$ cat final.txt   # compact mmCIF, C-alpha atoms
# COMPACT_ATOMS: atom_id res chain seq x y z
CA MET A 296 69.42 -56.09 55.89
CA ARG A 297 69.01 -59.18 58.01
CA THR A 298 66.49 -61.75 56.80
CA ARG A 299 64.14 -62.92 59.51
CA CYS A 300 60.54 -63.78 60.11
CA ARG A 301 59.65 -64.70 63.64
CA PRO A 302 56.29 -65.79 65.04
CA ARG A 303 54.66 -64.07 67.98
CA THR A 304 53.61 -66.85 70.37
CA ALA A 305 52.85 -64.98 73.60
CA ARG A 306 49.09 -65.26 73.21
CA ALA A 307 49.24 -68.98 72.44
CA ALA A 308 51.48 -69.55 75.47
CA GLN A 309 49.03 -67.69 77.70
CA ARG A 310 46.15 -69.85 76.49
CA ALA A 311 48.14 -73.01 77.08
CA GLN A 312 48.87 -71.97 80.67
CA HIS A 313 45.15 -71.56 81.38
CA ASN A 314 44.23 -74.84 79.65
CA PRO A 315 47.26 -77.15 79.41
CA LYS A 316 45.22 -79.92 77.73
CA GLN A 317 44.16 -77.66 74.89
CA ILE A 318 46.28 -78.14 71.77
CA PRO A 319 45.69 -75.29 69.32
CA VAL A 320 44.97 -76.36 65.76
CA MET A 321 46.10 -73.88 63.10
CA PRO A 322 43.85 -73.79 60.06
CA SER A 323 45.59 -74.36 56.75
CA ILE A 324 46.68 -71.13 55.06
CA LYS A 325 45.04 -70.90 51.65
CA ALA A 326 45.43 -67.22 50.78
CA VAL A 327 47.98 -64.45 51.28
CA LEU A 328 46.82 -60.85 50.95
CA PHE A 329 49.17 -57.90 50.63
CA ASP A 330 49.24 -54.23 51.38
CA LEU A 331 50.97 -52.31 48.56
CA ASP A 332 52.63 -48.99 49.50
CA ASP A 333 55.73 -49.53 51.67
CA THR A 334 55.14 -53.28 51.55
CA LEU A 335 55.89 -54.04 47.89
CA TRP A 336 57.56 -50.70 47.07
CA PRO A 337 58.64 -47.55 48.97
CA ILE A 338 55.97 -44.89 48.51
CA ALA A 339 57.58 -41.61 49.67
CA PRO A 340 59.88 -41.16 46.64
CA VAL A 341 57.01 -42.11 44.31
CA ILE A 342 54.69 -39.42 45.69
CA ALA A 343 57.46 -36.82 45.70
CA ARG A 344 58.25 -37.53 42.05
CA ALA A 345 54.57 -37.56 41.04
CA GLU A 346 53.89 -34.24 42.76
CA GLN A 347 56.93 -32.70 41.10
CA ASP A 348 55.89 -33.98 37.65
CA MET A 349 52.41 -32.57 38.07
CA TYR A 350 53.74 -29.26 39.39
CA GLU A 351 56.00 -28.86 36.37
CA TRP A 352 52.99 -29.50 34.12
CA LEU A 353 51.05 -26.85 36.03
CA ARG A 354 53.83 -24.31 35.46
CA THR A 355 53.09 -24.48 31.74
CA HIS A 356 49.37 -25.19 31.62
CA ALA A 357 48.06 -23.45 34.76
CA PRO A 358 50.78 -20.95 35.70
CA ALA A 359 48.58 -18.90 38.02
CA VAL A 360 48.37 -21.93 40.34
CA THR A 361 52.14 -22.32 40.65
CA GLU A 362 52.61 -18.57 41.04
CA ARG A 363 50.34 -18.63 44.06
CA PHE A 364 50.98 -22.07 45.58
CA THR A 365 54.10 -24.13 46.20
CA ILE A 366 53.95 -27.93 46.30
CA GLU A 367 54.04 -27.68 50.10
CA ALA A 368 51.19 -25.18 50.15
CA LEU A 369 49.03 -27.42 47.95
CA ARG A 370 49.79 -30.33 50.27
CA ALA A 371 48.84 -28.31 53.36
CA ARG A 372 45.55 -27.31 51.75
CA ARG A 373 44.78 -30.98 51.05
CA MET A 374 45.38 -31.84 54.68
CA GLU A 375 42.99 -29.06 55.73
CA LEU A 376 40.39 -30.43 53.33
CA LEU A 377 40.90 -33.93 54.70
CA ARG A 378 40.30 -32.72 58.25
CA SER A 379 37.07 -31.03 57.23
CA THR A 380 35.90 -33.83 54.91
CA PRO A 381 36.78 -37.17 56.56
CA HIS A 382 35.29 -39.33 53.79
CA PHE A 383 38.38 -38.47 51.70
CA ARG A 384 40.42 -40.61 54.11
CA PHE A 385 39.81 -43.57 51.82
CA ASP A 386 39.91 -41.66 48.55
CA MET A 387 43.25 -39.91 48.21
CA ILE A 388 42.80 -39.40 44.47
CA GLY A 389 39.45 -37.73 45.10
CA LEU A 390 41.07 -35.60 47.80
CA ARG A 391 43.87 -34.51 45.48
CA HIS A 392 41.38 -33.74 42.68
CA ALA A 393 39.17 -31.68 45.00
CA GLY A 394 42.13 -29.74 46.39
CA LEU A 395 43.47 -29.00 42.94
CA SER A 396 40.02 -27.97 41.68
CA ALA A 397 39.74 -25.46 44.52
CA ALA A 398 43.19 -24.04 43.68
CA PHE A 399 42.26 -23.69 40.01
CA SER A 400 39.05 -21.91 40.95
CA GLU A 401 40.82 -19.47 43.27
CA CYS A 402 43.39 -18.65 40.58
CA ASN A 403 40.81 -18.33 37.80
CA GLU A 404 42.41 -21.14 35.84
CA ASP A 405 40.44 -23.40 33.48
CA SER A 406 39.04 -26.14 35.76
CA SER A 407 38.60 -28.47 32.77
CA ARG A 408 42.37 -28.99 32.92
CA VAL A 409 42.34 -30.48 36.42
CA GLY A 410 41.76 -33.90 34.90
CA ASN A 411 44.84 -33.50 32.70
CA ALA A 412 46.93 -32.56 35.72
CA MET A 413 45.64 -35.63 37.58
CA ASP A 414 46.58 -37.83 34.62
CA ILE A 415 50.16 -36.60 34.94
CA PHE A 416 50.14 -37.36 38.66
CA ASN A 417 48.55 -40.79 38.29
CA ARG A 418 50.99 -41.94 35.62
CA ALA A 419 53.90 -40.99 37.86
CA ARG A 420 52.14 -42.51 40.90
CA ASN A 421 52.30 -45.89 39.17
CA ARG A 422 55.99 -45.68 38.26
CA VAL A 423 57.27 -47.47 41.33
CA ASP A 424 60.59 -49.10 42.17
CA LEU A 425 59.75 -52.51 43.59
CA PHE A 426 61.67 -53.87 46.55
CA GLU A 427 64.20 -56.36 45.18
CA ASP A 428 62.43 -59.40 46.63
CA VAL A 429 59.04 -58.78 44.98
CA GLN A 430 59.61 -60.06 41.44
CA PRO A 431 61.37 -63.30 42.44
CA VAL A 432 59.11 -64.25 45.36
CA LEU A 433 55.56 -63.42 44.21
CA PRO A 434 55.52 -66.04 41.42
CA ARG A 435 56.67 -68.71 43.87
CA LEU A 436 54.02 -67.75 46.40
CA SER A 437 51.31 -67.93 43.74
CA GLU A 438 52.22 -71.58 43.12
CA HIS A 439 51.06 -72.48 46.63
CA TRP A 440 48.61 -69.82 47.79
CA LEU A 441 45.89 -67.62 46.37
CA LEU A 442 47.23 -64.08 46.31
CA GLY A 443 45.29 -60.84 46.66
CA THR A 444 45.76 -57.22 47.66
CA ILE A 445 43.97 -54.71 49.86
CA SER A 446 45.12 -51.11 49.72
CA ASN A 447 43.97 -47.78 51.10
CA GLY A 448 45.89 -46.18 48.23
CA PRO A 449 45.03 -45.87 44.52
CA ALA A 450 47.90 -47.84 42.95
CA ASP A 451 47.08 -49.46 39.61
CA LEU A 452 48.62 -52.94 39.59
CA GLY A 453 48.00 -53.29 35.87
CA ALA A 454 50.01 -50.15 35.11
CA ILE A 455 52.71 -51.24 37.55
CA GLY A 456 52.90 -54.71 35.95
CA LEU A 457 51.98 -56.87 38.94
CA SER A 458 48.29 -57.60 38.40
CA HIS A 459 48.92 -61.07 36.92
CA HIS A 460 50.21 -62.30 40.29
CA PHE A 461 46.94 -61.60 42.11
CA ARG A 462 43.51 -63.25 41.93
CA SER A 463 41.80 -60.22 43.45
CA SER A 464 42.61 -56.62 44.38
CA ILE A 465 40.51 -54.22 46.45
CA ALA A 466 41.18 -50.49 46.65
CA ALA A 467 39.52 -48.51 49.43
CA TYR A 468 38.42 -45.65 47.18
CA ARG A 469 36.39 -48.07 45.06
CA PHE A 470 35.16 -50.24 47.95
CA GLY A 471 33.90 -47.29 49.99
CA THR A 472 35.83 -47.97 53.19
CA GLY A 473 39.36 -49.03 53.99
CA LYS A 474 41.63 -50.63 56.51
CA PRO A 475 41.25 -51.22 59.40
CA ASP A 476 37.51 -51.72 58.77
CA PRO A 477 36.88 -55.51 58.94
CA LYS A 478 34.54 -55.24 55.94
CA ILE A 479 37.35 -54.77 53.45
CA PHE A 480 39.30 -57.76 54.79
CA LEU A 481 36.21 -59.98 54.76
CA ALA A 482 35.35 -58.88 51.22
CA ALA A 483 38.85 -59.83 50.05
CA CYS A 484 38.50 -63.27 51.61
CA GLU A 485 35.11 -63.73 49.97
CA LEU A 486 36.54 -62.83 46.57
CA LEU A 487 39.18 -65.54 47.00
CA GLY A 488 36.68 -68.06 48.36
CA VAL A 489 38.46 -68.59 51.67
CA ALA A 490 37.48 -68.19 55.31
CA PRO A 491 39.25 -65.40 57.22
CA GLN A 492 41.00 -68.02 59.36
CA GLU A 493 42.55 -69.42 56.19
CA ALA A 494 44.07 -66.10 55.11
CA VAL A 495 47.15 -64.09 56.03
CA TYR A 496 47.44 -60.33 55.55
CA VAL A 497 50.89 -58.80 55.14
CA GLY A 498 51.51 -55.09 55.62
CA ASP A 499 53.83 -52.45 57.05
CA ASP A 500 51.36 -50.65 59.34
CA PRO A 501 50.86 -52.26 62.78
CA LEU A 502 47.39 -50.77 63.30
CA LEU A 503 45.85 -50.64 59.82
CA ASP A 504 47.37 -53.90 58.59
CA VAL A 505 48.18 -56.20 61.48
CA GLU A 506 45.53 -55.28 64.03
CA GLY A 507 42.94 -54.63 61.32
CA ALA A 508 43.46 -58.06 59.78
CA GLN A 509 43.42 -59.85 63.12
CA ARG A 510 40.16 -58.17 64.15
CA ALA A 511 38.61 -59.52 60.95
CA GLY A 512 39.80 -63.03 61.79
CA LEU A 513 42.87 -63.18 59.53
CA LYS A 514 46.45 -63.73 60.60
CA GLY A 515 48.40 -60.49 60.57
CA VAL A 516 52.04 -60.38 59.49
CA TRP A 517 54.05 -57.20 59.98
CA MET A 518 56.43 -56.41 57.11
CA ASP A 519 59.15 -54.62 59.07
CA ARG A 520 61.54 -53.76 56.24
CA GLU A 521 63.53 -51.42 58.47
CA GLY A 522 64.55 -54.26 60.77
CA GLU A 523 65.33 -53.63 64.42
CA ARG A 524 65.03 -49.83 64.08
CA ALA A 525 61.34 -50.06 63.23
CA THR A 526 60.34 -52.39 66.06
CA ARG A 527 60.00 -49.32 68.27
CA VAL A 528 56.85 -48.28 66.38
CA MET A 529 54.93 -51.45 67.26
CA PRO A 530 52.23 -50.56 69.82
CA ALA A 531 52.37 -52.70 72.93
CA HIS A 532 48.84 -54.04 72.46
CA VAL A 533 49.48 -55.35 68.92
CA ALA A 534 50.90 -58.87 68.59
CA PRO A 535 51.61 -59.85 64.97
CA ASP A 536 51.41 -63.51 64.07
CA ALA A 537 54.85 -63.01 62.54
CA ILE A 538 57.34 -60.22 61.86
CA CYS A 539 59.21 -60.38 58.56
CA THR A 540 61.88 -58.14 57.10
CA ASN A 541 61.32 -59.17 53.46
CA LEU A 542 59.36 -61.54 51.23
CA TYR A 543 62.03 -64.26 51.37
CA ALA A 544 61.46 -64.48 55.11
CA LEU A 545 57.70 -64.40 54.60
CA GLU A 546 57.95 -67.26 52.11
CA HIS A 547 59.91 -69.34 54.61
CA TRP A 548 57.41 -68.59 57.40
CA LEU A 549 54.45 -69.53 55.22
CA HIS A 550 55.98 -72.87 54.28
CA THR A 551 56.97 -73.56 57.88
CA THR A 552 53.51 -72.62 59.16
CA SER A 553 51.39 -74.44 56.60
CA GLY A 554 53.58 -77.14 55.15
CA THR A 555 53.87 -76.99 51.38
CA GLY A 556 51.03 -74.53 50.87
CA GLY A 557 47.31 -74.19 50.92
CA ARG A 558 46.28 -75.33 47.43
$ encode --input "final.txt" --output "C-alpha cells"
Amino acid sequence: MRTRCRPRTARAAQRAQHNPKQIPVMPSIKAVLFDLDDTLWPIAPVIARAEQDMYEWLRTHAPAVTERFTIEALRARRMELLRSTPHFRFDMIGLRHAGLSAAFSECNEDSSRVGNAMDIFNRARNRVDLFEDVQPVLPRLSEHWLLGTISNGPADLGAIGLSHHFRSSIAAYRFGTGKPDPKIFLAACELLGVAPQEAVYVGDDPLLDVEGAQRAGLKGVWMDREGERATRVMPAHVAPDAICTNLYALEHWLHTTSGTGGR
C-alpha cells in the first residue's frame, strides 16, 4: 500500500482568486479525533466472527431460534426493524438486542437468556485486529496532540486495549445522536477543551466523518486505506482537508500542517 497524505486546496485557491490580498491563517491543531471501525481496525471480519460466535451459542442455549432463523435471516429482520424504528440508527447494540428478543419470543425461548447471547456477541465484537500502523503511531501522536474518539458503533476501547491513548471517547448510543450531527463533534471538542477550528477528525466515511466534521467547524481528514481504488467513492461535493492512506501519512501531515504539534 502506498503511503500518502495529500491536502485538498481547491477551496483555499478559490478564495485567494476572489481576494488575492487575503492570506489564510490556519489555527493551530490541538486535538485529533478518530473514528474507530474501518479507521483503526477492519470491522467486517469482526462482525462476521461475533455473529458466528453468538449463533453457535444459540444452537446450544436457544436451539429453537437457530432452527427457525439463519444468521442471514436474523440480520434481515434487524434491517427491517431499523427501517421501522429509526432511533436505532445510533444504537446498534440496542437494535441487535431488540431483534434477538423478538426472535426469542416468536420461538418461545427464554427471553432472560438474550442478555447472555449479547454478552457473547459483545466480547467477540471487541476482539479486533488493529491495522498495523495503530500501535506504533498513536503513542507518538499523543505526545503532541490531545486524542479522542467519536464512533457511531459500540466498540469498547478498554476491552480492546486502546483507551489509554485517548483523553475522551464518545459513542453515539450513549450520547443520543451520532455522526454527522454537529452536536457530537462539538461535544467531543468541549470534552478536550479545544475549539472546533483547533481539532481534526479522521475517519473512513466521506459523508459521516469528513463532511460531518467540517460542518461542525473541524478539519476533516479522509482515511482512505484502500488507496486509489477507494477514491471513486468520494462524493464530488466533499473536499477533505487531507486524504491519508494510513496513520504514518496522517502523522506526517499533522506535523507539516501544525509544526511540532498543538501542545
$ closest_residue --input "final.txt" --among "A:Arg373, A:His459, A:Lys474, A:Arg344" --to "Asp424 (chain A)" --atoms "only C-alpha atoms"
A:Arg344
$ atom_distance --input "final.txt" --atom1 "CA of Ile479 (chain A)" --atom2 "CA of Val429 (chain A)"
23.6 Å
$ closest_residue --input "final.txt" --among "A:Leu395, A:Leu452, A:Val423, A:Leu457" --to "Val341 (chain A)" --atoms "only C-alpha atoms"
A:Val423
$ atom_distance --input "final.txt" --atom1 "CA of Leu390 (chain A)" --atom2 "CA of Asp330 (chain A)"
20.7 Å
$ atom_distance --input "final.txt" --atom1 "CA of Tyr496 (chain A)" --atom2 "CA of Asn417 (chain A)"
26.1 Å
$ closest_residue --input "final.txt" --among "A:Gly394, A:Ile366, A:Asn421, A:Lys514" --to "Glu351 (chain A)" --atoms "all atoms listed in the file"
A:Ile366
$ closest_residue --input "final.txt" --among "A:Glu493, A:Glu346, A:Glu521, A:Asp451" --to "Ala466 (chain A)" --atoms "all atoms listed in the file"
A:Asp451
$ axis_aligned_box --input "final.txt" --around "region 529-544 of chain A" --padding-each-side "6 Å" --output "AutoDock Vina command-line options"
--center_x 55.4 --center_y -57.5 --center_z 62.1 --size_x 25.2 --size_y 25.9 --size_z 33.7
$ residues_around --input "final.txt" --residues "region 442-448 of chain A" --least-positions-apart "6" --cutoff "9 Å" --atoms "all atoms listed in the file" --output "PyMOL selection string"
chain A and resi 325-332+384-388+433+436+460-468+472-474+479-480+483-484+486-487+496
$ residues_near_point --input "final.txt" --point "(46.1, -55.5, 64.9)" --cutoff "12 Å" --atoms "only C-alpha atoms" --output "ChimeraX atom specification"
/A:474-477,496-517,529-537
$ closest_residue --input "final.txt" --among "A:Gly471, A:Gly453, A:Pro340, A:Gly522" --to "Ala419 (chain A)" --atoms "only C-alpha atoms"
A:Pro340
$ closest_residue --input "final.txt" --among "A:Leu335, A:Ile538, A:Met413, A:Ala450" --to "Gln430 (chain A)" --atoms "all atoms listed in the file"
A:Leu335
$ decode --input "final.txt" --residues "region 467-486 of chain A" --atoms "N, CA and C atoms" --output "PDB file, in the first residue's frame"
ATOM      1  N   ALA A 467     -22.104   7.029  20.039  1.00  0.00           N
ATOM      2  CA  ALA A 467     -23.413   7.578  19.676  1.00  0.00           C
ATOM      3  C   ALA A 467     -24.534   7.011  20.528  1.00  0.00           C
ATOM      4  N   TYR A 468     -24.472   5.702  20.836  1.00  0.00           N
ATOM      5  CA  TYR A 468     -25.592   5.091  21.552  1.00  0.00           C
ATOM      6  C   TYR A 468     -25.705   5.624  22.984  1.00  0.00           C
ATOM      7  N   ARG A 469     -24.608   6.134  23.532  1.00  0.00           N
ATOM      8  CA  ARG A 469     -24.676   6.759  24.849  1.00  0.00           C
ATOM      9  C   ARG A 469     -25.004   8.251  24.739  1.00  0.00           C
ATOM     10  N   PHE A 470     -24.506   8.890  23.698  1.00  0.00           N
ATOM     11  CA  PHE A 470     -24.690  10.336  23.539  1.00  0.00           C
ATOM     12  C   PHE A 470     -26.113  10.681  23.108  1.00  0.00           C
ATOM     13  N   GLY A 471     -26.747   9.798  22.364  1.00  0.00           N
ATOM     14  CA  GLY A 471     -28.131  10.032  21.943  1.00  0.00           C
ATOM     15  C   GLY A 471     -28.283  10.442  20.496  1.00  0.00           C
ATOM     16  N   THR A 472     -27.200  10.809  19.855  1.00  0.00           N
ATOM     17  CA  THR A 472     -27.194  11.071  18.416  1.00  0.00           C
ATOM     18  C   THR A 472     -25.786  10.776  17.932  1.00  0.00           C
ATOM     19  N   GLY A 473     -25.632  10.688  16.624  1.00  0.00           N
ATOM     20  CA  GLY A 473     -24.326  10.307  16.099  1.00  0.00           C
ATOM     21  C   GLY A 473     -23.923  11.147  14.915  1.00  0.00           C
ATOM     22  N   LYS A 474     -22.798  10.771  14.329  1.00  0.00           N
ATOM     23  CA  LYS A 474     -22.337  11.452  13.126  1.00  0.00           C
ATOM     24  C   LYS A 474     -23.357  11.251  12.006  1.00  0.00           C
ATOM     25  N   PRO A 475     -23.639  12.251  11.205  1.00  0.00           N
ATOM     26  CA  PRO A 475     -22.909  13.511  11.049  1.00  0.00           C
ATOM     27  C   PRO A 475     -23.476  14.685  11.846  1.00  0.00           C
ATOM     28  N   ASP A 476     -24.294  14.450  12.844  1.00  0.00           N
ATOM     29  CA  ASP A 476     -24.858  15.528  13.647  1.00  0.00           C
ATOM     30  C   ASP A 476     -23.728  16.371  14.250  1.00  0.00           C
ATOM     31  N   PRO A 477     -23.707  17.681  14.021  1.00  0.00           N
ATOM     32  CA  PRO A 477     -22.638  18.522  14.580  1.00  0.00           C
ATOM     33  C   PRO A 477     -22.529  18.430  16.101  1.00  0.00           C
ATOM     34  N   LYS A 478     -23.631  18.103  16.778  1.00  0.00           N
ATOM     35  CA  LYS A 478     -23.605  18.087  18.244  1.00  0.00           C
ATOM     36  C   LYS A 478     -22.546  17.146  18.795  1.00  0.00           C
ATOM     37  N   ILE A 479     -22.388  15.990  18.172  1.00  0.00           N
ATOM     38  CA  ILE A 479     -21.451  15.018  18.724  1.00  0.00           C
ATOM     39  C   ILE A 479     -20.005  15.457  18.513  1.00  0.00           C
ATOM     40  N   PHE A 480     -19.729  16.138  17.401  1.00  0.00           N
ATOM     41  CA  PHE A 480     -18.388  16.680  17.170  1.00  0.00           C
ATOM     42  C   PHE A 480     -18.082  17.808  18.152  1.00  0.00           C
ATOM     43  N   LEU A 481     -19.051  18.686  18.351  1.00  0.00           N
ATOM     44  CA  LEU A 481     -18.849  19.816  19.260  1.00  0.00           C
ATOM     45  C   LEU A 481     -18.684  19.341  20.697  1.00  0.00           C
ATOM     46  N   ALA A 482     -19.427  18.301  21.071  1.00  0.00           N
ATOM     47  CA  ALA A 482     -19.291  17.749  22.426  1.00  0.00           C
ATOM     48  C   ALA A 482     -17.891  17.176  22.629  1.00  0.00           C
ATOM     49  N   ALA A 483     -17.361  16.512  21.618  1.00  0.00           N
ATOM     50  CA  ALA A 483     -16.017  15.942  21.724  1.00  0.00           C
ATOM     51  C   ALA A 483     -14.973  17.042  21.889  1.00  0.00           C
ATOM     52  N   CYS A 484     -15.136  18.124  21.150  1.00  0.00           N
ATOM     53  CA  CYS A 484     -14.209  19.251  21.292  1.00  0.00           C
ATOM     54  C   CYS A 484     -14.301  19.859  22.693  1.00  0.00           C
ATOM     55  N   GLU A 485     -15.511  19.989  23.188  1.00  0.00           N
ATOM     56  CA  GLU A 485     -15.703  20.550  24.526  1.00  0.00           C
ATOM     57  C   GLU A 485     -15.038  19.677  25.581  1.00  0.00           C
ATOM     58  N   LEU A 486     -15.160  18.362  25.444  1.00  0.00           N
ATOM     59  CA  LEU A 486     -14.519  17.465  26.406  1.00  0.00           C
ATOM     60  C   LEU A 486     -13.004  17.640  26.425  1.00  0.00           C
TER      61      LEU A 486
END
